[in-house]
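Just below is one structure, and these are the notes that go with it.
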Amino acid sequence: MSEPETAADPASQTAVRIEDVAVRFRSRKRDVTALHGVSLDVAMGEFVSIVGPSGCGKSTLLKLVAGLLKPSSGTVRLRGDAVAGPRNDIGYVFQRAALLEWRSARRNILLQAEMRKMPSAQAARRTAELIEMTGLQGFEDALPHELSGGMQQRVALCRALLHEPPVLLMDEPFGALDALTREQLNIELNRIWRETGTTVLLVTHSIAEAAYLSNRVVVMSDRPGTVREVIDVDLPAEREYATTVERPEFSRVASHIRGLLGAGAAAD
Ligand code: ADP
Ligand code: MG
């Protein structure tokens, strides 16, 4: 049994707190300000998407939360602690599944357990649960080249969720998939988010994906990336696809995002 959160401490309710963050990359050739004056709070269990033009600092923002990069100024907190280095309490999914070609689906998922030295019985039990949750049953022993792109991303998602991270970071995870597979994975991600209760920060170029999945959508400006607007999505947590995308609230959110990004800006 886990302890209940202490209601008196608001920081314990905040999964991610980004305060007035700037990131400048300096090289001999040029200086780039990737992010400037970015503040954002993400509540425990919330699903927040980040959309914005290419090069506006979306991936940089996720790297800050993961502790893979330090801000030039400002602070990033994960569950109340200042992020000071790579964090164990996150999962990360990228556009490319980045699976080891010589390992089966199951053994790619178990890589996470090996890296974290998880007890093997616990890792095996959790792997079986995740394989079931993502519909990979029957493909446990397949090698990556025997899996479709969608299945490879399911394996990557299982690997990211194996250690039950309270925060899941996803950087354009479905960007390389065809439209139908993407839709299917969006439906599954909505269900997995509800079942695991994990906090999700998703970077996406798809307006529909952001509107369908999120509690809130962060729209960023051109570089240097700032938060232009944060849009609340007033839809229930459980979202049946066909009816959700027909709802006026979905259309309102999607056209609001599109208006902020400008024609074509989200299409790359
Ligand atoms: P996005 O994910 O929104 O497309 P990124 O966060 O990848 O954008 O990059 C934001 C800006 O910072 C870009 O101009 C990119 O070229 C620059 N940048 C990102 N990482 C580095 C780095 N390690 N060194 C120098 N410049 C970088
Ligand atoms: Mg990026």
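Within each chain, counting starts at residue 1; across the structure tokens, chains are named A, B, ... in the order shown, with ligands numbered 1 upward in that order.
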Next item on the list: Can you check which residues of range 187-236 of chain A DSSP gives as strand (DSSP E or B) on the backbone and send them as a ChimeraX atom specification?
Entry: /A:199-203,216-220,225,227-232
What lies within 10 Å of Val155 in chain A using only C-alpha atoms, ignoring chain neighbours under 4 positions off, as a tab-separated table (two decimals) with N, CA and C atoms, in the first residue's frame?
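Result went into part.tsv, see below:
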chain	number	residue	atom	x	y	z
A	97	ALA	N	12.04	3.85	-32.61
A	97	ALA	CA	11.89	2.93	-31.48
A	97	ALA	C	13.24	2.57	-30.86
A	98	ALA	N	14.32	2.64	-31.68
A	98	ALA	CA	15.67	2.36	-31.19
A	98	ALA	C	15.74	1.03	-30.41
A	99	LEU	N	15.29	-0.04	-31.10
A	99	LEU	CA	15.36	-1.37	-30.48
A	99	LEU	C	16.67	-2.04	-30.88
A	104	SER	N	14.83	-10.10	-28.97
A	104	SER	CA	13.39	-10.24	-29.19
A	104	SER	C	12.66	-9.05	-28.57
A	105	ALA	N	11.37	-8.94	-28.91
A	105	ALA	CA	10.53	-7.87	-28.33
A	105	ALA	C	10.63	-7.91	-26.81
A	106	ARG	N	10.43	-9.10	-26.24
A	106	ARG	CA	10.44	-9.22	-24.78
A	106	ARG	C	11.79	-8.79	-24.20
A	107	ARG	N	12.87	-9.23	-24.87
A	107	ARG	CA	14.19	-8.91	-24.30
A	107	ARG	C	14.56	-7.44	-24.55
A	108	ASN	N	13.95	-6.80	-25.54
A	108	ASN	CA	14.13	-5.36	-25.67
A	108	ASN	C	13.43	-4.63	-24.52
A	109	ILE	N	12.26	-5.11	-24.14
A	109	ILE	CA	11.54	-4.48	-23.03
A	109	ILE	C	12.34	-4.67	-21.73
A	130	LEU	N	2.50	-5.54	-19.54
A	130	LEU	CA	2.60	-4.50	-20.57
A	130	LEU	C	2.38	-5.08	-21.97
A	131	ILE	N	2.87	-6.30	-22.19
A	131	ILE	CA	2.67	-6.97	-23.49
A	131	ILE	C	1.18	-7.15	-23.73
A	134	THR	N	-0.55	-3.67	-24.38
A	134	THR	CA	-0.28	-3.06	-25.69
A	134	THR	C	-0.61	-4.02	-26.84
A	136	LEU	N	0.65	-6.96	-27.66
A	136	LEU	CA	1.80	-7.59	-28.32
A	136	LEU	C	1.86	-9.11	-28.12
A	139	PHE	N	3.84	-11.94	-30.12
A	139	PHE	CA	5.02	-11.36	-30.78
A	139	PHE	C	6.19	-11.19	-29.81
A	140	GLU	N	6.07	-11.80	-28.63
A	140	GLU	CA	7.10	-11.63	-27.60
A	140	GLU	C	8.48	-12.05	-28.08
A	144	PRO	N	12.97	-7.31	-33.88
A	144	PRO	CA	12.43	-6.03	-34.36
A	144	PRO	C	12.12	-6.01	-35.86
A	147	LEU	N	8.69	-7.04	-36.88
A	147	LEU	CA	7.56	-6.26	-36.36
A	147	LEU	C	7.28	-5.06	-37.26
A	149	GLY	N	6.09	-1.08	-37.91
A	149	GLY	CA	6.51	0.15	-37.23
A	149	GLY	C	5.69	0.40	-35.97
A	150	GLY	N	4.37	0.16	-36.07
A	150	GLY	CA	3.49	0.37	-34.92
A	150	GLY	C	3.84	-0.56	-33.77
A	151	MET	N	4.14	-1.81	-34.11
A	151	MET	CA	4.51	-2.78	-33.07
A	151	MET	C	5.84	-2.42	-32.43
A	159	ARG	N	8.94	-0.69	-22.95
A	159	ARG	CA	10.27	-0.52	-22.34
A	159	ARG	C	10.28	0.75	-21.48
A	160	ALA	N	9.63	1.80	-21.97
A	160	ALA	CA	9.61	3.06	-21.22
A	160	ALA	C	8.76	2.97	-19.96
A	161	LEU	N	7.78	2.05	-19.96
A	161	LEU	CA	6.85	1.96	-18.82
A	161	LEU	C	7.22	0.87	-17.82
Item checked: Surroundings of ligand 1 up to 7 Å, based on only C-alpha atoms and all ligand atoms, as a ChimeraX atom specification -> /A:25-27,32-34,52-61,223
Would you put the residues from that selection into a file with N, CA, C and O atoms, as a PDB file, in the first residue's frame?
ATOM      1  N   PHE A  25      22.438  27.531 -26.411  1.00  0.00           N
ATOM      2  CA  PHE A  25      23.505  26.642 -26.858  1.00  0.00           C
ATOM      3  C   PHE A  25      24.615  27.523 -27.427  1.00  0.00           C
ATOM      4  O   PHE A  25      24.357  28.350 -28.298  1.00  0.00           O
ATOM      5  N   ARG A  26      25.803  27.331 -26.947  1.00  0.00           N
ATOM      6  CA  ARG A  26      26.934  28.128 -27.449  1.00  0.00           C
ATOM      7  C   ARG A  26      27.915  27.215 -28.160  1.00  0.00           C
ATOM      8  O   ARG A  26      28.278  26.171 -27.646  1.00  0.00           O
ATOM      9  N   SER A  27      28.285  27.620 -29.353  1.00  0.00           N
ATOM     10  CA  SER A  27      29.352  26.887 -30.022  1.00  0.00           C
ATOM     11  C   SER A  27      30.293  27.940 -30.594  1.00  0.00           C
ATOM     12  O   SER A  27      30.010  29.135 -30.529  1.00  0.00           O
ATOM     13  N   VAL A  32      22.763  29.882 -30.032  1.00  0.00           N
ATOM     14  CA  VAL A  32      21.335  29.710 -30.303  1.00  0.00           C
ATOM     15  C   VAL A  32      20.583  29.768 -28.981  1.00  0.00           C
ATOM     16  O   VAL A  32      20.923  29.047 -28.045  1.00  0.00           O
ATOM     17  N   THR A  33      19.586  30.649 -28.902  1.00  0.00           N
ATOM     18  CA  THR A  33      18.695  30.618 -27.744  1.00  0.00           C
ATOM     19  C   THR A  33      17.529  29.724 -28.130  1.00  0.00           C
ATOM     20  O   THR A  33      16.731  30.071 -28.996  1.00  0.00           O
ATOM     21  N   ALA A  34      17.492  28.538 -27.516  1.00  0.00           N
ATOM     22  CA  ALA A  34      16.449  27.560 -27.873  1.00  0.00           C
ATOM     23  C   ALA A  34      15.159  27.852 -27.121  1.00  0.00           C
ATOM     24  O   ALA A  34      14.071  27.743 -27.683  1.00  0.00           O
ATOM     25  N   GLY A  52       4.402  23.056 -31.648  1.00  0.00           N
ATOM     26  CA  GLY A  52       5.089  24.283 -32.025  1.00  0.00           C
ATOM     27  C   GLY A  52       5.931  24.045 -33.251  1.00  0.00           C
ATOM     28  O   GLY A  52       6.180  22.900 -33.609  1.00  0.00           O
ATOM     29  N   PRO A  53       6.367  25.131 -33.876  1.00  0.00           N
ATOM     30  CA  PRO A  53       7.145  24.983 -35.109  1.00  0.00           C
ATOM     31  C   PRO A  53       8.430  24.195 -34.881  1.00  0.00           C
ATOM     32  O   PRO A  53       8.941  24.149 -33.767  1.00  0.00           O
ATOM     33  N   SER A  54       8.970  23.624 -35.947  1.00  0.00           N
ATOM     34  CA  SER A  54      10.241  22.906 -35.887  1.00  0.00           C
ATOM     35  C   SER A  54      11.327  23.825 -35.353  1.00  0.00           C
ATOM     36  O   SER A  54      11.381  24.991 -35.725  1.00  0.00           O
ATOM     37  N   GLY A  55      12.141  23.291 -34.458  1.00  0.00           N
ATOM     38  CA  GLY A  55      13.280  24.061 -33.952  1.00  0.00           C
ATOM     39  C   GLY A  55      12.926  25.041 -32.852  1.00  0.00           C
ATOM     40  O   GLY A  55      13.755  25.856 -32.446  1.00  0.00           O
ATOM     41  N   CYS A  56      11.684  24.976 -32.310  1.00  0.00           N
ATOM     42  CA  CYS A  56      11.293  25.945 -31.272  1.00  0.00           C
ATOM     43  C   CYS A  56      11.679  25.477 -29.875  1.00  0.00           C
ATOM     44  O   CYS A  56      11.406  26.160 -28.895  1.00  0.00           O
ATOM     45  N   GLY A  57      12.315  24.309 -29.765  1.00  0.00           N
ATOM     46  CA  GLY A  57      12.822  23.897 -28.454  1.00  0.00           C
ATOM     47  C   GLY A  57      11.996  22.838 -27.742  1.00  0.00           C
ATOM     48  O   GLY A  57      12.173  22.618 -26.543  1.00  0.00           O
ATOM     49  N   LYS A  58      11.122  22.128 -28.455  1.00  0.00           N
ATOM     50  CA  LYS A  58      10.264  21.120 -27.820  1.00  0.00           C
ATOM     51  C   LYS A  58      11.095  19.960 -27.258  1.00  0.00           C
ATOM     52  O   LYS A  58      10.907  19.538 -26.118  1.00  0.00           O
ATOM     53  N   SER A  59      12.010  19.434 -28.081  1.00  0.00           N
ATOM     54  CA  SER A  59      12.844  18.325 -27.611  1.00  0.00           C
ATOM     55  C   SER A  59      13.757  18.793 -26.484  1.00  0.00           C
ATOM     56  O   SER A  59      13.986  18.065 -25.513  1.00  0.00           O
ATOM     57  N   THR A  60      14.230  20.018 -26.606  1.00  0.00           N
ATOM     58  CA  THR A  60      15.076  20.597 -25.553  1.00  0.00           C
ATOM     59  C   THR A  60      14.321  20.627 -24.226  1.00  0.00           C
ATOM     60  O   THR A  60      14.873  20.281 -23.177  1.00  0.00           O
ATOM     61  N   LEU A  61      13.054  20.994 -24.291  1.00  0.00           N
ATOM     62  CA  LEU A  61      12.231  21.060 -23.076  1.00  0.00           C
ATOM     63  C   LEU A  61      12.108  19.685 -22.412  1.00  0.00           C
ATOM     64  O   LEU A  61      12.241  19.555 -21.190  1.00  0.00           O
ATOM     65  N   ARG A 223      11.392  29.904 -32.495  1.00  0.00           N
ATOM     66  CA  ARG A 223      12.591  30.079 -31.696  1.00  0.00           C
ATOM     67  C   ARG A 223      12.922  31.554 -31.523  1.00  0.00           C
ATOM     68  O   ARG A 223      12.835  32.290 -32.506  1.00  0.00           O
TER      69      ARG A 223
END
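Of note, CA of Leu69 in chain A and CA of Arg30 in chain A are spaced 18.7 Å apart.
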Margin query: I need the residue nearest Ala237 in chain A from this list: A:Leu180, A:Leu189, A:Ile90, A:Val42. Use only C-alpha atoms for the distance.
Written below: A:Leu189
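The space between CA of Gly225 in chain A and CA of His36 in chain A spans 5.9 Å.
Closest approach to ligand 2 among A:Glu209, A:Glu188, A:Glu46, A:Asp171 is made by A:Asp171 (distances from only C-alpha atoms and all ligand atoms).
Our summary of the geometry notes that CA of Leu169 in chain A is positioned 6.0 Å from CA of Val200 in chain A.
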Any chance you could list, as a compact mmCIF listing (two decimals) with N, CA, C and O atoms, in the first residue's frame, the residues in range 42-251 of chain A that come up alpha helix (DSSP H) when DSSP is run on the backbone?
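Output saved as result16.txt:
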# COMPACT_ATOMS: atom_id res chain seq x y z
N LYS A 58 11.12 22.13 -28.45
CA LYS A 58 10.26 21.12 -27.82
C LYS A 58 11.10 19.96 -27.26
O LYS A 58 10.91 19.54 -26.12
N SER A 59 12.01 19.43 -28.08
CA SER A 59 12.84 18.33 -27.61
C SER A 59 13.76 18.79 -26.48
O SER A 59 13.99 18.06 -25.51
N THR A 60 14.23 20.02 -26.61
CA THR A 60 15.08 20.60 -25.55
C THR A 60 14.32 20.63 -24.23
O THR A 60 14.87 20.28 -23.18
N LEU A 61 13.05 20.99 -24.29
CA LEU A 61 12.23 21.06 -23.08
C LEU A 61 12.11 19.69 -22.41
O LEU A 61 12.24 19.56 -21.19
N LEU A 62 11.87 18.65 -23.21
CA LEU A 62 11.78 17.30 -22.63
C LEU A 62 13.12 16.87 -22.02
O LEU A 62 13.15 16.25 -20.96
N LYS A 63 14.22 17.22 -22.70
CA LYS A 63 15.55 16.85 -22.17
C LYS A 63 15.81 17.52 -20.83
O LYS A 63 16.48 16.94 -19.97
N LEU A 64 15.29 18.72 -20.64
CA LEU A 64 15.45 19.40 -19.35
C LEU A 64 14.73 18.62 -18.26
O LEU A 64 15.26 18.44 -17.16
N VAL A 65 13.52 18.16 -18.56
CA VAL A 65 12.72 17.44 -17.57
C VAL A 65 13.41 16.11 -17.23
O VAL A 65 13.42 15.68 -16.08
N ALA A 66 14.02 15.48 -18.25
CA ALA A 66 14.70 14.20 -18.03
C ALA A 66 16.04 14.36 -17.33
O ALA A 66 16.65 13.37 -16.93
N ALA A 105 11.37 -8.94 -28.91
CA ALA A 105 10.53 -7.87 -28.33
C ALA A 105 10.63 -7.91 -26.81
O ALA A 105 10.88 -6.89 -26.15
N ARG A 106 10.43 -9.10 -26.24
CA ARG A 106 10.44 -9.22 -24.78
C ARG A 106 11.79 -8.79 -24.20
O ARG A 106 11.85 -8.04 -23.23
N ARG A 107 12.87 -9.23 -24.87
CA ARG A 107 14.19 -8.91 -24.30
C ARG A 107 14.56 -7.44 -24.55
O ARG A 107 15.36 -6.87 -23.80
N ASN A 108 13.95 -6.80 -25.54
CA ASN A 108 14.13 -5.36 -25.67
C ASN A 108 13.43 -4.63 -24.52
O ASN A 108 13.95 -3.64 -24.00
N ILE A 109 12.26 -5.11 -24.14
CA ILE A 109 11.54 -4.48 -23.03
C ILE A 109 12.34 -4.67 -21.73
O ILE A 109 12.50 -3.75 -20.93
N LEU A 110 12.90 -5.88 -21.59
CA LEU A 110 13.62 -6.21 -20.36
C LEU A 110 14.95 -5.46 -20.21
O LEU A 110 15.53 -5.42 -19.12
N LEU A 111 15.40 -4.85 -21.31
CA LEU A 111 16.61 -4.03 -21.24
C LEU A 111 16.52 -2.99 -20.12
O LEU A 111 17.48 -2.72 -19.41
N GLN A 112 15.34 -2.41 -20.01
CA GLN A 112 15.10 -1.41 -18.97
C GLN A 112 15.36 -2.00 -17.58
O GLN A 112 15.95 -1.35 -16.72
N ALA A 113 14.91 -3.23 -17.38
CA ALA A 113 15.08 -3.89 -16.08
C ALA A 113 16.56 -4.16 -15.81
O ALA A 113 17.04 -3.99 -14.69
N GLU A 114 17.28 -4.55 -16.88
CA GLU A 114 18.71 -4.84 -16.71
C GLU A 114 19.46 -3.55 -16.35
O GLU A 114 20.31 -3.55 -15.46
N MET A 115 19.11 -2.46 -17.05
CA MET A 115 19.80 -1.19 -16.77
C MET A 115 19.52 -0.73 -15.35
O MET A 115 20.37 -0.10 -14.73
N ARG A 116 18.34 -1.02 -14.86
CA ARG A 116 17.95 -0.55 -13.52
C ARG A 116 18.11 -1.61 -12.45
O ARG A 116 17.69 -1.40 -11.31
N SER A 120 14.28 -9.78 -11.07
CA SER A 120 13.84 -10.37 -12.33
C SER A 120 12.39 -10.85 -12.30
O SER A 120 11.71 -10.78 -13.32
N ALA A 121 11.91 -11.31 -11.15
CA ALA A 121 10.51 -11.77 -11.10
C ALA A 121 9.56 -10.59 -11.33
O ALA A 121 8.59 -10.69 -12.09
N GLN A 122 9.87 -9.48 -10.71
CA GLN A 122 9.04 -8.26 -10.86
C GLN A 122 9.08 -7.80 -12.32
O GLN A 122 8.04 -7.44 -12.90
N ALA A 123 10.27 -7.82 -12.91
CA ALA A 123 10.42 -7.36 -14.30
C ALA A 123 9.64 -8.27 -15.24
O ALA A 123 8.97 -7.80 -16.17
N ALA A 124 9.69 -9.57 -15.01
CA ALA A 124 8.99 -10.52 -15.87
C ALA A 124 7.48 -10.33 -15.75
O ALA A 124 6.74 -10.36 -16.75
N ARG A 125 7.00 -10.11 -14.54
CA ARG A 125 5.56 -9.92 -14.32
C ARG A 125 5.09 -8.64 -15.01
O ARG A 125 4.09 -8.62 -15.72
N ARG A 126 5.85 -7.56 -14.83
CA ARG A 126 5.47 -6.29 -15.42
C ARG A 126 5.54 -6.35 -16.96
O ARG A 126 4.70 -5.79 -17.65
N THR A 127 6.54 -7.07 -17.48
CA THR A 127 6.66 -7.22 -18.93
C THR A 127 5.43 -7.93 -19.50
O THR A 127 4.86 -7.49 -20.50
N ALA A 128 5.01 -8.98 -18.81
CA ALA A 128 3.83 -9.72 -19.27
C ALA A 128 2.59 -8.82 -19.26
O ALA A 128 1.79 -8.83 -20.21
N GLU A 129 2.44 -8.02 -18.22
CA GLU A 129 1.29 -7.10 -18.13
C GLU A 129 1.30 -6.09 -19.28
O GLU A 129 0.28 -5.82 -19.90
N LEU A 130 2.50 -5.54 -19.54
CA LEU A 130 2.60 -4.50 -20.57
C LEU A 130 2.38 -5.08 -21.97
O LEU A 130 1.77 -4.44 -22.84
N ILE A 131 2.87 -6.30 -22.19
CA ILE A 131 2.67 -6.97 -23.49
C ILE A 131 1.18 -7.15 -23.73
O ILE A 131 0.66 -6.89 -24.82
N GLU A 132 0.47 -7.51 -22.67
CA GLU A 132 -0.98 -7.67 -22.76
C GLU A 132 -1.66 -6.30 -23.01
O GLU A 132 -2.51 -6.16 -23.88
N MET A 133 -1.22 -5.31 -22.25
CA MET A 133 -1.84 -3.98 -22.33
C MET A 133 -1.67 -3.37 -23.72
O MET A 133 -2.52 -2.63 -24.21
N GLY A 149 6.09 -1.08 -37.91
CA GLY A 149 6.51 0.15 -37.23
C GLY A 149 5.69 0.40 -35.97
O GLY A 149 6.21 0.81 -34.93
N GLY A 150 4.37 0.16 -36.07
CA GLY A 150 3.49 0.37 -34.92
C GLY A 150 3.84 -0.56 -33.77
O GLY A 150 3.84 -0.17 -32.60
N MET A 151 4.14 -1.81 -34.11
CA MET A 151 4.51 -2.78 -33.07
C MET A 151 5.84 -2.42 -32.43
O MET A 151 6.03 -2.58 -31.23
N GLN A 152 6.76 -1.94 -33.25
CA GLN A 152 8.06 -1.53 -32.69
C GLN A 152 7.87 -0.39 -31.68
O GLN A 152 8.50 -0.38 -30.62
N GLN A 153 6.96 0.54 -32.00
CA GLN A 153 6.71 1.63 -31.05
C GLN A 153 6.00 1.12 -29.80
O GLN A 153 6.20 1.65 -28.71
N ARG A 154 5.18 0.09 -29.94
CA ARG A 154 4.56 -0.51 -28.75
C ARG A 154 5.63 -1.11 -27.84
O ARG A 154 5.56 -0.99 -26.62
N VAL A 155 6.63 -1.77 -28.46
CA VAL A 155 7.73 -2.32 -27.67
C VAL A 155 8.48 -1.19 -26.95
O VAL A 155 8.78 -1.29 -25.76
N ALA A 156 8.74 -0.11 -27.69
CA ALA A 156 9.44 1.03 -27.08
C ALA A 156 8.63 1.62 -25.92
O ALA A 156 9.18 2.01 -24.89
N LEU A 157 7.30 1.64 -26.08
CA LEU A 157 6.43 2.15 -25.02
C LEU A 157 6.48 1.23 -23.80
O LEU A 157 6.58 1.70 -22.66
N CYS A 158 6.44 -0.08 -24.03
CA CYS A 158 6.55 -1.04 -22.92
C CYS A 158 7.87 -0.85 -22.19
O CYS A 158 7.91 -0.86 -20.96
N ARG A 159 8.94 -0.69 -22.95
CA ARG A 159 10.27 -0.52 -22.34
C ARG A 159 10.28 0.75 -21.48
O ARG A 159 10.83 0.76 -20.37
N ALA A 160 9.63 1.80 -21.97
CA ALA A 160 9.61 3.06 -21.22
C ALA A 160 8.76 2.97 -19.96
O ALA A 160 8.97 3.72 -19.01
N LEU A 161 7.78 2.05 -19.96
CA LEU A 161 6.85 1.96 -18.82
C LEU A 161 7.22 0.87 -17.82
O LEU A 161 6.59 0.73 -16.78
N ALA A 179 -1.10 7.00 -41.02
CA ALA A 179 -2.20 7.66 -40.29
C ALA A 179 -3.08 6.70 -39.50
O ALA A 179 -3.47 6.99 -38.36
N LEU A 180 -3.39 5.54 -40.08
CA LEU A 180 -4.28 4.60 -39.39
C LEU A 180 -3.62 3.97 -38.17
O LEU A 180 -4.24 3.82 -37.12
N THR A 181 -2.33 3.61 -38.32
CA THR A 181 -1.59 3.04 -37.19
C THR A 181 -1.47 4.08 -36.08
O THR A 181 -1.60 3.77 -34.90
N ARG A 182 -1.25 5.30 -36.49
CA ARG A 182 -1.12 6.39 -35.52
C ARG A 182 -2.41 6.55 -34.72
O ARG A 182 -2.38 6.67 -33.50
N GLU A 183 -3.54 6.52 -35.42
CA GLU A 183 -4.83 6.64 -34.77
C GLU A 183 -5.03 5.50 -33.76
O GLU A 183 -5.47 5.71 -32.64
N GLN A 184 -4.68 4.29 -34.20
CA GLN A 184 -4.80 3.12 -33.32
C GLN A 184 -3.95 3.29 -32.07
O GLN A 184 -4.39 3.02 -30.95
N LEU A 185 -2.73 3.78 -32.25
CA LEU A 185 -1.84 3.95 -31.10
C LEU A 185 -2.31 5.10 -30.20
O LEU A 185 -2.13 5.06 -28.99
N ASN A 186 -2.94 6.11 -30.79
CA ASN A 186 -3.53 7.18 -29.98
C ASN A 186 -4.62 6.62 -29.07
O ASN A 186 -4.68 6.96 -27.88
N ILE A 187 -5.46 5.76 -29.62
CA ILE A 187 -6.54 5.14 -28.84
C ILE A 187 -5.93 4.31 -27.69
O ILE A 187 -6.36 4.39 -26.55
N GLU A 188 -4.87 3.54 -28.03
CA GLU A 188 -4.23 2.71 -27.01
C GLU A 188 -3.54 3.57 -25.95
O GLU A 188 -3.58 3.25 -24.77
N LEU A 189 -2.93 4.68 -26.39
CA LEU A 189 -2.23 5.53 -25.42
C LEU A 189 -3.22 6.16 -24.45
O LEU A 189 -2.94 6.28 -23.25
N ASN A 190 -4.39 6.55 -24.94
CA ASN A 190 -5.41 7.10 -24.04
C ASN A 190 -5.79 6.07 -22.97
O ASN A 190 -5.88 6.38 -21.79
N ARG A 191 -5.94 4.81 -23.39
CA ARG A 191 -6.31 3.76 -22.45
C ARG A 191 -5.16 3.48 -21.46
O ARG A 191 -5.36 3.38 -20.25
N ILE A 192 -3.93 3.40 -21.99
CA ILE A 192 -2.77 3.10 -21.14
C ILE A 192 -2.55 4.23 -20.12
O ILE A 192 -2.25 3.99 -18.96
N TRP A 193 -2.74 5.44 -20.56
CA TRP A 193 -2.61 6.60 -19.65
C TRP A 193 -3.63 6.47 -18.50
O TRP A 193 -3.29 6.65 -17.34
N ARG A 194 -4.85 6.10 -18.83
CA ARG A 194 -5.88 5.96 -17.79
C ARG A 194 -5.57 4.77 -16.87
O ARG A 194 -5.74 4.85 -15.66
N GLU A 195 -5.09 3.68 -17.46
CA GLU A 195 -4.83 2.48 -16.65
C GLU A 195 -3.61 2.64 -15.75
O GLU A 195 -3.59 2.12 -14.64
N THR A 196 -2.58 3.33 -16.23
CA THR A 196 -1.36 3.45 -15.42
C THR A 196 -1.38 4.68 -14.51
O THR A 196 -0.67 4.71 -13.51
N ILE A 207 -2.01 18.05 -34.73
CA ILE A 207 -3.01 18.82 -33.98
C ILE A 207 -4.10 17.87 -33.45
O ILE A 207 -4.53 17.98 -32.29
N ALA A 208 -4.52 16.92 -34.28
CA ALA A 208 -5.57 15.98 -33.86
C ALA A 208 -5.10 15.13 -32.69
O ALA A 208 -5.84 14.89 -31.74
N GLU A 209 -3.86 14.68 -32.77
CA GLU A 209 -3.30 13.86 -31.69
C GLU A 209 -3.28 14.64 -30.37
O GLU A 209 -3.68 14.13 -29.32
N ALA A 210 -2.84 15.90 -30.45
CA ALA A 210 -2.78 16.74 -29.25
C ALA A 210 -4.19 16.95 -28.67
O ALA A 210 -4.41 16.80 -27.47
N ALA A 211 -5.15 17.26 -29.55
CA ALA A 211 -6.51 17.54 -29.07
C ALA A 211 -7.19 16.29 -28.52
O ALA A 211 -7.90 16.33 -27.53
N TYR A 212 -6.94 15.15 -29.17
CA TYR A 212 -7.59 13.90 -28.75
C TYR A 212 -7.04 13.41 -27.41
O TYR A 212 -7.79 12.92 -26.57
N LEU A 213 -5.72 13.52 -27.20
CA LEU A 213 -5.11 12.87 -26.04
C LEU A 213 -5.04 13.72 -24.77
O LEU A 213 -4.99 13.17 -23.67
N TYR A 241 -12.77 7.10 -29.86
CA TYR A 241 -12.18 7.94 -30.91
C TYR A 241 -13.21 8.61 -31.81
O TYR A 241 -13.26 9.84 -31.93
N ALA A 242 -14.05 7.78 -32.45
CA ALA A 242 -14.94 8.31 -33.48
C ALA A 242 -15.87 9.39 -32.93
O ALA A 242 -16.11 10.41 -33.60
N THR A 243 -16.38 9.19 -31.71
CA THR A 243 -17.30 10.20 -31.17
C THR A 243 -16.55 11.42 -30.65
O THR A 243 -17.05 12.55 -30.77
N THR A 244 -15.34 11.20 -30.10
CA THR A 244 -14.58 12.33 -29.57
C THR A 244 -14.23 13.33 -30.67
O THR A 244 -14.41 14.54 -30.50
N PRO A 248 -17.90 19.08 -30.55
CA PRO A 248 -17.57 20.49 -30.77
C PRO A 248 -16.30 20.92 -30.02
O PRO A 248 -15.51 21.71 -30.53
N GLU A 249 -16.10 20.37 -28.80
CA GLU A 249 -14.92 20.75 -28.03
C GLU A 249 -13.63 20.34 -28.74
O GLU A 249 -12.64 21.08 -28.74
N PHE A 250 -13.65 19.15 -29.36
CA PHE A 250 -12.47 18.70 -30.11
C PHE A 250 -12.18 19.67 -31.27
O PHE A 250 -11.04 20.11 -31.46
N SER A 251 -13.23 20.04 -32.01
CA SER A 251 -13.05 20.95 -33.15
C SER A 251 -12.58 22.32 -32.68
O SER A 251 -11.73 22.93 -33.32
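Closest approach to Met170 in chain A among A:Pro86, A:Gly80, A:Gly91, A:Gly259: A:Gly91, based on only C-alpha atoms.
Among the candidate residues A:Thr226, A:Ile231, A:Ser148, A:Pro236, the one lying nearest to Ser255 in chain A is A:Ile231, with distances computed using only C-alpha atoms.
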